[in-house]
Amino acid sequence: MDSSPEAGMRPILVTGAAGSVGAVGRTVVRGLRRRGLQVRALVRQNDDRAQALRATGADVVVGDLTRARDVADALDGCGRMYFGMAVSAQYLLAAVTAAAVARAYGSLEAVVNMSQLTVSEMDATSGSDSHQHRQQWLVEQVLGWSGLPVVQVRPTVFMENPLFQTVFASIAKDGVIRWPFGEARTSPIAAGDVAAVVEEILADPAARIGRTYELTGPRSQDIAALAADISDALHRTVGYTDVPLQEWLDSDLAALGLPDHVLQHISTMARLHVAGRYDRRTNGMEEVTGRSAEGVSGFVRTHPELFTR
């Protein structure tokens with residue numbers, strides 16, 4: 001008799017498995033496979049990243065989240081699903097398509113949705129948030145109406161976000177954080193910590209259905225304190241230069257060459273930081289995994305190559 005973890009359990013579908021910013025989906029696939037669980041990974045392209053997922057033992061399928069037939073084929077036989085997708089103008093279409101197909105054709109035990117912490121401060125007529133935030137808020141509403149067994153995961157800004165890419169570049173070049181945030185506070189989280197939460201929920205979802213988990217770093221701190229933490233981790237002094245918001249948008253952020261939808265999203269995140277909207281500290285990470293998020297110092301020590309030229 002087969003008593004392995006895979007025995008008697010249907011596969012877990014992980015969308016966005018090839019990943020981009022932070023590669024949460026890829027990390028979730030690897031974590032679930034280490035647990036011996038069956039995983040079906042949905043990717044957009046059959047490339048080297050897809051091959052790396054196959055090497056973990058995952059069943060990799062190629063498809064488009066905005067096409068109902070592709071989603072239905074990927075979901076066939078699965079018992080749980082993680083929905084995650086990169087920032088995209090097609091995010092709402094993809095998420096609603098996945099929800100509609102899951103409701104019509106699936107018999108899922110759990111749907112874990114990757115949302116964003118900012119939506120907790122939004123309502124039906126909020127107007128200060130990005131187009132991406134609005135889509136994520138709407139997706140949460142649709143999933144709430146769907147009757148599906150949903151778990152919402154709402155992380156704050158990722159340390160892998162383009163907002164932080166500009167900081168890493170300025171530290172590597174000049175030893176200084178260039179940001180327009182004044183004395184605003186933030187509590188970023190590493191994508192690996194977010195993936196650990198998603199993995200844990202997918203592995204054991206029963207008691208978590210209907211819950212929302214908000215995820216931040218271990219502390220909310222101003223940029224001077226952030227610079228001090230980075231200095232300690234790098235064993236060299238990192239300063240902070242407060243620059244005007246529009247100057248930063250036109251120079252530092254524009255230099256990344258982001259698509260229009262992504263640029264509008266990151267620009268809005270910067271403005272919301274200035275307005276104090278990212279001054280948050282939650283215990284969702286501890287509640288699910290039993291440990292705190294690693295924080296900025298840990299991230300810097302893990303990725304020192306990001307802070308040198």
# chains A, B, ... in the order shown; residues from 1 in each chain; ligands from 1

$ select_by_dssp --residues "region 65-285 of chain A" --states "alpha helix (DSSP H)" --output "PyMOL selection string"
chain A and resi 68-75+91-105+131-146+162-174+191-203+223-234+245-248+260-274+284-285

$ residues_around --residues "Ala50 (chain A)" --least-positions-apart "6" --cutoff "10 Å" --atoms "only C-alpha atoms" --output "JSON, numbers by chain"
{"A": [17, 18, 26, 41, 42, 43, 44, 58, 59, 60, 61, 62]}

$ closest_residue --among "A:Ala104, A:Val153, A:Arg49, A:Thr282" --to "Ile209 (chain A)" --atoms "only C-alpha atoms"
A:Val153

$ residues_around --residues "Ala169 (chain A)" --least-positions-apart "6" --cutoff "9 Å" --atoms "only C-alpha atoms" --output "list in words"
Ile177, Leu306, Phe307, Thr308 and Arg309 of chain A

$ write_last_selection --atoms "C-alpha atoms" --output "short mmCIF file (atom, residue, chain, number, x, y, z; two decimals), in the first residue's frame"
data_model
loop_
_atom_site.label_atom_id
_atom_site.label_comp_id
_atom_site.auth_asym_id
_atom_site.auth_seq_id
_atom_site.Cartn_x
_atom_site.Cartn_y
_atom_site.Cartn_z
CA ILE A 177 19.27 55.21 -0.97
CA LEU A 306 22.52 43.20 -5.60
CA PHE A 307 24.34 45.91 -3.67
CA THR A 308 27.71 45.93 -5.46
CA ARG A 309 28.69 47.04 -8.94
#

$ residues_around --residues "Leu202 (chain A)" --least-positions-apart "2" --cutoff "8 Å" --atoms "only C-alpha atoms" --output "number ranges by chain"
A: 12, 80-82, 110, 112, 198-200, 204-205

$ write_last_selection --atoms "all heavy atoms" --output "CSV table (one decimal), in the first residue's frame"
chain,number,residue,atom,x,y,z
A,12,ILE,N,-2.0,19.7,-7.0
A,12,ILE,CA,-2.2,21.1,-6.7
A,12,ILE,C,-1.8,21.9,-8.0
A,12,ILE,O,-0.6,21.8,-8.5
A,12,ILE,CB,-1.3,21.6,-5.5
A,12,ILE,CG1,-1.7,20.8,-4.3
A,12,ILE,CG2,-1.5,23.1,-5.3
A,12,ILE,CD1,-0.7,20.9,-3.1
A,80,ARG,N,-6.6,21.5,-5.5
A,80,ARG,CA,-6.3,22.8,-4.9
A,80,ARG,C,-5.6,23.7,-6.0
A,80,ARG,O,-5.0,23.2,-6.9
A,80,ARG,CB,-5.4,22.7,-3.7
A,80,ARG,CG,-5.9,21.8,-2.6
A,80,ARG,CD,-4.9,21.4,-1.6
A,80,ARG,NE,-5.4,20.3,-0.7
A,80,ARG,CZ,-4.8,19.7,0.3
A,80,ARG,NH1,-3.5,20.1,0.5
A,80,ARG,NH2,-5.3,18.8,1.0
A,81,MET,N,-5.8,25.0,-5.8
A,81,MET,CA,-5.2,25.9,-6.9
A,81,MET,C,-4.6,27.1,-6.2
A,81,MET,O,-5.3,27.7,-5.3
A,81,MET,CB,-6.3,26.3,-7.9
A,81,MET,CG,-5.8,27.3,-8.9
A,81,MET,SD,-6.9,27.7,-10.2
A,81,MET,CE,-8.1,28.8,-9.3
A,82,TYR,N,-3.5,27.5,-6.7
A,82,TYR,CA,-2.9,28.8,-6.3
A,82,TYR,C,-3.0,29.7,-7.5
A,82,TYR,O,-2.6,29.4,-8.6
A,82,TYR,CB,-1.4,28.7,-5.9
A,82,TYR,CG,-0.7,30.0,-6.0
A,82,TYR,CD1,-1.0,31.0,-5.0
A,82,TYR,CD2,0.3,30.2,-6.9
A,82,TYR,CE1,-0.3,32.2,-5.1
A,82,TYR,CE2,1.0,31.4,-6.9
A,82,TYR,CZ,0.7,32.4,-6.0
A,82,TYR,OH,1.4,33.6,-6.0
A,110,ALA,N,-9.5,24.1,-2.2
A,110,ALA,CA,-9.0,25.4,-1.8
A,110,ALA,C,-8.5,26.1,-3.0
A,110,ALA,O,-8.0,25.6,-3.9
A,110,ALA,CB,-7.8,25.2,-0.8
A,112,VAL,N,-6.1,29.5,-3.3
A,112,VAL,CA,-5.3,30.5,-2.7
A,112,VAL,C,-5.0,31.6,-3.7
A,112,VAL,O,-4.4,31.4,-4.7
A,112,VAL,CB,-4.0,29.9,-2.1
A,112,VAL,CG1,-3.1,31.0,-1.5
A,112,VAL,CG2,-4.3,28.8,-1.2
A,198,VAL,N,2.2,30.7,1.2
A,198,VAL,CA,1.3,30.1,0.2
A,198,VAL,C,1.5,28.6,0.2
A,198,VAL,O,0.5,27.8,0.2
A,198,VAL,CB,1.6,30.6,-1.2
A,198,VAL,CG1,0.9,29.9,-2.3
A,198,VAL,CG2,1.3,32.1,-1.3
A,199,GLU,N,2.8,28.1,0.3
A,199,GLU,CA,3.1,26.7,0.3
A,199,GLU,C,2.4,26.0,1.5
A,199,GLU,O,1.8,25.0,1.4
A,199,GLU,CB,4.6,26.5,0.4
A,199,GLU,CG,5.0,25.1,0.6
A,199,GLU,CD,6.5,24.9,0.9
A,199,GLU,OE1,7.3,25.8,0.6
A,199,GLU,OE2,6.8,23.9,1.6
A,200,GLU,N,2.5,26.6,2.7
A,200,GLU,CA,1.9,26.1,3.9
A,200,GLU,C,0.4,26.0,3.8
A,200,GLU,O,-0.2,25.0,4.2
A,200,GLU,CB,2.3,26.9,5.1
A,200,GLU,CG,1.9,26.3,6.5
A,200,GLU,CD,2.7,25.0,6.8
A,200,GLU,OE1,3.8,24.9,6.4
A,200,GLU,OE2,2.0,24.2,7.4
A,204,ASP,N,-1.9,22.4,3.6
A,204,ASP,CA,-2.9,22.1,4.7
A,204,ASP,C,-3.9,23.2,4.8
A,204,ASP,O,-3.9,24.1,5.7
A,204,ASP,CB,-2.1,22.0,6.0
A,204,ASP,CG,-3.0,21.6,7.2
A,204,ASP,OD1,-4.1,21.0,6.9
A,204,ASP,OD2,-2.7,21.8,8.3
A,205,PRO,N,-4.9,23.3,3.8
A,205,PRO,CA,-5.8,24.4,3.7
A,205,PRO,C,-7.0,24.4,4.6
A,205,PRO,O,-7.7,25.4,4.8
A,205,PRO,CB,-6.2,24.4,2.3
A,205,PRO,CG,-6.1,23.0,1.9
A,205,PRO,CD,-5.0,22.4,2.7

$ residues_around --residues "Gly84 (chain A)" --least-positions-apart "5" --cutoff "12 Å" --atoms "only C-alpha atoms" --output "number ranges by chain"
A: 13-26, 28, 41-43, 65, 91-92, 94-95, 98, 111-116, 136, 139, 152-154, 194-195, 198

$ write_last_selection --atoms "N, CA, C and O atoms" --output "short mmCIF file (atom, residue, chain, number, x, y, z; two decimals), in the first residue's frame"
data_model
loop_
_atom_site.label_atom_id
_atom_site.label_comp_id
_atom_site.auth_asym_id
_atom_site.auth_seq_id
_atom_site.Cartn_x
_atom_site.Cartn_y
_atom_site.Cartn_z
N LEU A 13 -2.67 22.77 -8.49
CA LEU A 13 -2.34 23.61 -9.64
C LEU A 13 -1.72 24.92 -9.14
O LEU A 13 -2.30 25.62 -8.32
N VAL A 14 -0.55 25.23 -9.67
CA VAL A 14 0.13 26.49 -9.37
C VAL A 14 0.21 27.29 -10.67
O VAL A 14 0.87 26.88 -11.62
N THR A 15 -0.50 28.41 -10.73
CA THR A 15 -0.44 29.27 -11.90
C THR A 15 0.71 30.26 -11.76
O THR A 15 1.27 30.44 -10.69
N GLY A 16 1.05 30.91 -12.87
CA GLY A 16 2.17 31.85 -12.83
C GLY A 16 3.44 31.19 -12.35
O GLY A 16 4.28 31.83 -11.70
N ALA A 17 3.61 29.91 -12.68
CA ALA A 17 4.69 29.13 -12.07
C ALA A 17 6.07 29.48 -12.59
O ALA A 17 7.07 29.20 -11.92
N ALA A 18 6.16 30.09 -13.76
CA ALA A 18 7.47 30.49 -14.27
C ALA A 18 7.99 31.71 -13.53
O ALA A 18 9.19 31.88 -13.35
N GLY A 19 7.07 32.55 -13.09
CA GLY A 19 7.43 33.66 -12.21
C GLY A 19 8.19 34.77 -12.89
O GLY A 19 8.77 34.61 -13.94
N SER A 20 8.17 35.94 -12.26
CA SER A 20 8.99 37.08 -12.70
C SER A 20 9.49 37.78 -11.45
O SER A 20 10.51 37.38 -10.89
N VAL A 21 8.76 38.79 -10.95
CA VAL A 21 9.20 39.51 -9.75
C VAL A 21 9.11 38.59 -8.53
O VAL A 21 8.03 38.26 -8.07
N GLY A 22 10.26 38.16 -8.05
CA GLY A 22 10.28 37.32 -6.86
C GLY A 22 10.02 35.85 -7.09
O GLY A 22 10.34 35.02 -6.25
N ALA A 23 9.41 35.49 -8.22
CA ALA A 23 9.18 34.08 -8.59
C ALA A 23 8.48 33.30 -7.49
O ALA A 23 8.89 32.20 -7.13
N VAL A 24 7.39 33.87 -6.95
CA VAL A 24 6.64 33.18 -5.90
C VAL A 24 6.15 31.82 -6.39
O VAL A 24 6.29 30.81 -5.69
N GLY A 25 5.56 31.78 -7.59
CA GLY A 25 5.03 30.52 -8.10
C GLY A 25 6.07 29.43 -8.21
O GLY A 25 5.85 28.29 -7.80
N ARG A 26 7.25 29.77 -8.74
CA ARG A 26 8.33 28.79 -8.85
C ARG A 26 8.75 28.27 -7.48
O ARG A 26 8.98 27.07 -7.30
N VAL A 28 6.96 28.19 -4.75
CA VAL A 28 5.87 27.36 -4.22
C VAL A 28 5.93 25.96 -4.81
O VAL A 28 5.79 24.95 -4.10
N ALA A 41 2.10 22.65 -12.77
CA ALA A 41 2.57 24.03 -12.91
C ALA A 41 2.12 24.58 -14.26
O ALA A 41 2.47 24.03 -15.31
N LEU A 42 1.35 25.65 -14.22
CA LEU A 42 0.88 26.30 -15.45
C LEU A 42 1.82 27.45 -15.79
O LEU A 42 2.03 28.36 -14.99
N VAL A 43 2.40 27.39 -16.99
CA VAL A 43 3.33 28.42 -17.45
C VAL A 43 2.85 28.97 -18.79
O VAL A 43 2.08 28.32 -19.50
N LEU A 65 -3.76 32.10 -19.08
CA LEU A 65 -4.77 32.25 -18.03
C LEU A 65 -6.01 33.01 -18.49
O LEU A 65 -7.06 32.95 -17.84
N TYR A 91 -4.79 41.20 -15.87
CA TYR A 91 -4.92 40.49 -14.60
C TYR A 91 -6.38 40.18 -14.25
O TYR A 91 -6.71 39.06 -13.87
N LEU A 92 -7.24 41.17 -14.36
CA LEU A 92 -8.65 40.96 -14.00
C LEU A 92 -9.29 39.90 -14.89
O LEU A 92 -9.99 39.00 -14.39
N ALA A 94 -7.84 37.45 -16.47
CA ALA A 94 -7.27 36.14 -16.14
C ALA A 94 -7.85 35.59 -14.85
O ALA A 94 -8.23 34.42 -14.77
N ALA A 95 -7.94 36.42 -13.82
CA ALA A 95 -8.42 35.95 -12.52
C ALA A 95 -9.89 35.57 -12.57
O ALA A 95 -10.31 34.55 -12.01
N ALA A 98 -10.23 32.29 -14.44
CA ALA A 98 -9.85 31.16 -13.59
C ALA A 98 -10.95 30.85 -12.58
O ALA A 98 -11.27 29.67 -12.33
N VAL A 111 -8.74 27.45 -2.96
CA VAL A 111 -8.18 28.38 -3.93
C VAL A 111 -7.43 29.44 -3.15
O VAL A 111 -8.03 30.19 -2.37
N VAL A 112 -6.12 29.51 -3.33
CA VAL A 112 -5.31 30.51 -2.65
C VAL A 112 -5.04 31.63 -3.66
O VAL A 112 -4.44 31.40 -4.70
N ASN A 113 -5.50 32.82 -3.33
CA ASN A 113 -5.38 33.96 -4.24
C ASN A 113 -4.32 34.94 -3.75
O ASN A 113 -4.35 35.37 -2.60
N MET A 114 -3.39 35.29 -4.64
CA MET A 114 -2.38 36.29 -4.31
C MET A 114 -2.94 37.68 -4.60
O MET A 114 -3.15 38.06 -5.75
N SER A 115 -3.19 38.42 -3.56
CA SER A 115 -3.72 39.77 -3.67
C SER A 115 -2.63 40.76 -3.25
O SER A 115 -1.45 40.53 -3.49
N GLN A 116 -3.03 41.85 -2.58
CA GLN A 116 -2.06 42.88 -2.18
C GLN A 116 -2.61 43.63 -0.98
O GLN A 116 -3.81 43.87 -0.89
N GLN A 136 -7.09 44.05 -8.45
CA GLN A 136 -6.96 43.09 -7.36
C GLN A 136 -8.12 43.20 -6.37
O GLN A 136 -8.60 42.19 -5.85
N VAL A 139 -11.04 41.47 -8.02
CA VAL A 139 -10.89 40.01 -7.98
C VAL A 139 -11.29 39.47 -6.61
O VAL A 139 -11.97 38.43 -6.52
N GLN A 152 -7.35 34.27 1.00
CA GLN A 152 -6.70 35.46 0.43
C GLN A 152 -5.35 35.69 1.11
O GLN A 152 -5.24 35.64 2.34
N VAL A 153 -4.34 35.95 0.29
CA VAL A 153 -3.01 36.29 0.80
C VAL A 153 -2.68 37.70 0.31
O VAL A 153 -2.67 37.96 -0.89
N ARG A 154 -2.43 38.61 1.26
CA ARG A 154 -2.21 40.02 0.92
C ARG A 154 -0.83 40.49 1.40
O ARG A 154 -0.71 41.01 2.50
N VAL A 194 6.75 35.15 1.36
CA VAL A 194 5.38 35.06 0.86
C VAL A 194 5.11 33.66 0.30
O VAL A 194 4.08 33.05 0.55
N ALA A 195 6.08 33.14 -0.44
CA ALA A 195 5.94 31.79 -1.01
C ALA A 195 5.80 30.74 0.10
O ALA A 195 5.05 29.77 -0.05
N VAL A 198 2.19 30.74 1.20
CA VAL A 198 1.34 30.09 0.20
C VAL A 198 1.52 28.58 0.22
O VAL A 198 0.55 27.81 0.19
#

$ select_by_dssp --residues "region 52-259 of chain A" --states "strand (DSSP E)" --output "short mmCIF file (atom, residue, chain, number, x, y, z; two decimals) with C-alpha atoms, in the first residue's frame"
data_model
loop_
_atom_site.label_atom_id
_atom_site.label_comp_id
_atom_site.auth_asym_id
_atom_site.auth_seq_id
_atom_site.Cartn_x
_atom_site.Cartn_y
_atom_site.Cartn_z
CA ASP A 59 3.71 18.23 -14.28
CA VAL A 60 4.23 21.33 -16.42
CA VAL A 61 1.49 22.55 -18.76
CA VAL A 62 1.66 25.51 -21.13
CA ARG A 80 -6.30 22.80 -4.94
CA MET A 81 -5.22 25.89 -6.85
CA TYR A 82 -2.92 28.84 -6.32
CA PHE A 83 -3.74 31.87 -8.45
CA ALA A 110 -9.00 25.37 -1.75
CA VAL A 111 -8.18 28.38 -3.93
CA VAL A 112 -5.31 30.51 -2.65
CA ASN A 113 -5.38 33.96 -4.24
CA MET A 114 -2.38 36.29 -4.31
CA VAL A 150 -10.92 30.83 -1.02
CA VAL A 151 -7.94 31.91 1.08
CA GLN A 152 -6.70 35.46 0.43
CA VAL A 153 -3.01 36.29 0.80
CA ARG A 154 -2.21 40.02 0.92
CA PRO A 155 1.51 40.83 1.01
CA VAL A 176 23.00 55.92 -1.03
CA ILE A 177 19.27 55.21 -0.97
CA ARG A 178 17.60 57.65 -3.39
CA TRP A 179 13.91 57.78 -2.60
CA ARG A 185 7.71 54.22 6.92
CA THR A 186 7.57 50.88 5.13
CA THR A 212 -7.31 36.51 4.81
CA TYR A 213 -3.62 36.64 5.71
CA GLU A 214 -1.88 40.02 5.54
CA LEU A 215 1.91 39.80 5.27
CA GLN A 221 10.55 51.65 9.77
CA ASP A 222 11.49 54.96 8.20
CA GLY A 239 23.11 56.98 3.35
CA TYR A 240 19.69 58.32 2.45
CA THR A 241 19.02 61.14 0.00
CA ASP A 242 15.43 62.37 -0.09
#

$ residues_around --residues "Met285 (chain A)" --least-positions-apart "2" --cutoff "10 Å" --atoms "only C-alpha atoms" --output "JSON, numbers by chain"
{"A": [155, 189, 193, 194, 196, 197, 213, 214, 215, 216, 217, 218, 282, 283, 287, 288, 289, 290, 291, 292, 293]}

$ decode --residues "region 243-273 of chain A" --atoms "N, CA, C and O atoms" --output "compact mmCIF listing (two decimals), in the first residue's frame"
# COMPACT_ATOMS: atom_id res chain seq x y z
N VAL A 243 14.76 62.73 -2.39
CA VAL A 243 14.65 63.49 -3.64
C VAL A 243 13.19 63.80 -3.93
O VAL A 243 12.30 63.08 -3.47
N PRO A 244 12.90 64.86 -4.67
CA PRO A 244 11.51 65.17 -5.01
C PRO A 244 10.86 64.01 -5.78
O PRO A 244 11.51 63.34 -6.59
N LEU A 245 9.59 63.77 -5.50
CA LEU A 245 8.89 62.63 -6.09
C LEU A 245 8.96 62.65 -7.61
O LEU A 245 9.31 61.64 -8.24
N GLN A 246 8.65 63.79 -8.23
CA GLN A 246 8.61 63.82 -9.69
C GLN A 246 9.99 63.59 -10.28
O GLN A 246 10.13 62.93 -11.32
N GLU A 247 11.03 64.12 -9.63
CA GLU A 247 12.40 63.88 -10.10
C GLU A 247 12.71 62.39 -10.07
O GLU A 247 13.31 61.85 -11.01
N TRP A 248 12.31 61.73 -8.98
CA TRP A 248 12.58 60.29 -8.86
C TRP A 248 11.81 59.50 -9.93
O TRP A 248 12.34 58.59 -10.54
N LEU A 249 10.55 59.88 -10.15
CA LEU A 249 9.75 59.20 -11.17
C LEU A 249 10.36 59.37 -12.55
O LEU A 249 10.42 58.42 -13.35
N ASP A 250 10.83 60.57 -12.85
CA ASP A 250 11.33 60.89 -14.19
C ASP A 250 12.73 60.34 -14.45
O ASP A 250 13.11 60.15 -15.61
N SER A 251 13.49 60.09 -13.40
CA SER A 251 14.88 59.63 -13.59
C SER A 251 15.04 58.18 -13.14
O SER A 251 15.17 57.27 -13.98
N ASP A 252 15.00 57.93 -11.86
CA ASP A 252 15.29 56.60 -11.33
C ASP A 252 14.30 55.54 -11.82
O ASP A 252 14.70 54.48 -12.31
N LEU A 253 13.00 55.83 -11.68
CA LEU A 253 12.01 54.82 -12.08
C LEU A 253 11.92 54.70 -13.60
O LEU A 253 11.86 53.59 -14.13
N ALA A 254 11.94 55.81 -14.29
CA ALA A 254 11.84 55.78 -15.76
C ALA A 254 12.98 54.99 -16.38
O ALA A 254 12.82 54.37 -17.44
N ALA A 255 14.14 54.99 -15.71
CA ALA A 255 15.31 54.29 -16.24
C ALA A 255 15.11 52.79 -16.35
O ALA A 255 15.82 52.11 -17.10
N LEU A 256 14.11 52.24 -15.61
CA LEU A 256 13.87 50.79 -15.67
C LEU A 256 13.13 50.37 -16.94
O LEU A 256 13.08 49.18 -17.26
N GLY A 257 12.54 51.32 -17.66
CA GLY A 257 11.86 50.99 -18.92
C GLY A 257 10.66 50.07 -18.75
O GLY A 257 10.44 49.17 -19.57
N LEU A 258 9.88 50.30 -17.72
CA LEU A 258 8.75 49.42 -17.42
C LEU A 258 7.59 49.63 -18.39
O LEU A 258 7.38 50.75 -18.89
N PRO A 259 6.80 48.59 -18.67
CA PRO A 259 5.58 48.76 -19.46
C PRO A 259 4.64 49.76 -18.79
O PRO A 259 4.68 49.95 -17.56
N ASP A 260 3.77 50.39 -19.56
CA ASP A 260 2.93 51.48 -19.05
C ASP A 260 2.10 51.07 -17.83
O ASP A 260 2.00 51.81 -16.86
N HIS A 261 1.48 49.88 -17.89
CA HIS A 261 0.63 49.43 -16.78
C HIS A 261 1.47 49.24 -15.51
O HIS A 261 1.04 49.64 -14.41
N VAL A 262 2.63 48.66 -15.66
CA VAL A 262 3.51 48.44 -14.51
C VAL A 262 4.04 49.77 -13.99
O VAL A 262 4.10 50.00 -12.78
N LEU A 263 4.40 50.66 -14.89
CA LEU A 263 4.91 51.97 -14.49
C LEU A 263 3.87 52.75 -13.69
O LEU A 263 4.18 53.35 -12.65
N GLN A 264 2.62 52.71 -14.14
CA GLN A 264 1.56 53.41 -13.40
C GLN A 264 1.37 52.80 -12.02
O GLN A 264 1.16 53.51 -11.03
N HIS A 265 1.49 51.48 -11.93
CA HIS A 265 1.34 50.78 -10.66
C HIS A 265 2.47 51.15 -9.69
O HIS A 265 2.21 51.52 -8.53
N ILE A 266 3.70 51.09 -10.15
CA ILE A 266 4.84 51.38 -9.26
C ILE A 266 4.86 52.86 -8.89
O ILE A 266 5.17 53.21 -7.74
N SER A 267 4.52 53.73 -9.83
CA SER A 267 4.44 55.16 -9.52
C SER A 267 3.42 55.41 -8.42
O SER A 267 3.66 56.22 -7.50
N THR A 268 2.29 54.74 -8.50
CA THR A 268 1.26 54.90 -7.47
C THR A 268 1.74 54.36 -6.13
O THR A 268 1.49 54.96 -5.08
N MET A 269 2.43 53.23 -6.15
CA MET A 269 2.98 52.69 -4.90
C MET A 269 3.93 53.69 -4.25
O MET A 269 3.94 53.84 -3.01
N ALA A 270 4.72 54.38 -5.06
CA ALA A 270 5.62 55.40 -4.51
C ALA A 270 4.81 56.51 -3.86
O ALA A 270 5.12 56.95 -2.74
N ARG A 271 3.78 56.98 -4.53
CA ARG A 271 2.95 58.05 -3.97
C ARG A 271 2.26 57.59 -2.69
O ARG A 271 2.12 58.37 -1.73
N LEU A 272 1.82 56.34 -2.65
CA LEU A 272 1.16 55.82 -1.44
C LEU A 272 2.16 55.68 -0.30
O LEU A 272 1.78 55.84 0.88
N HIS A 273 3.40 55.37 -0.61
CA HIS A 273 4.43 55.37 0.44
C HIS A 273 4.57 56.77 1.04
O HIS A 273 4.62 56.93 2.27
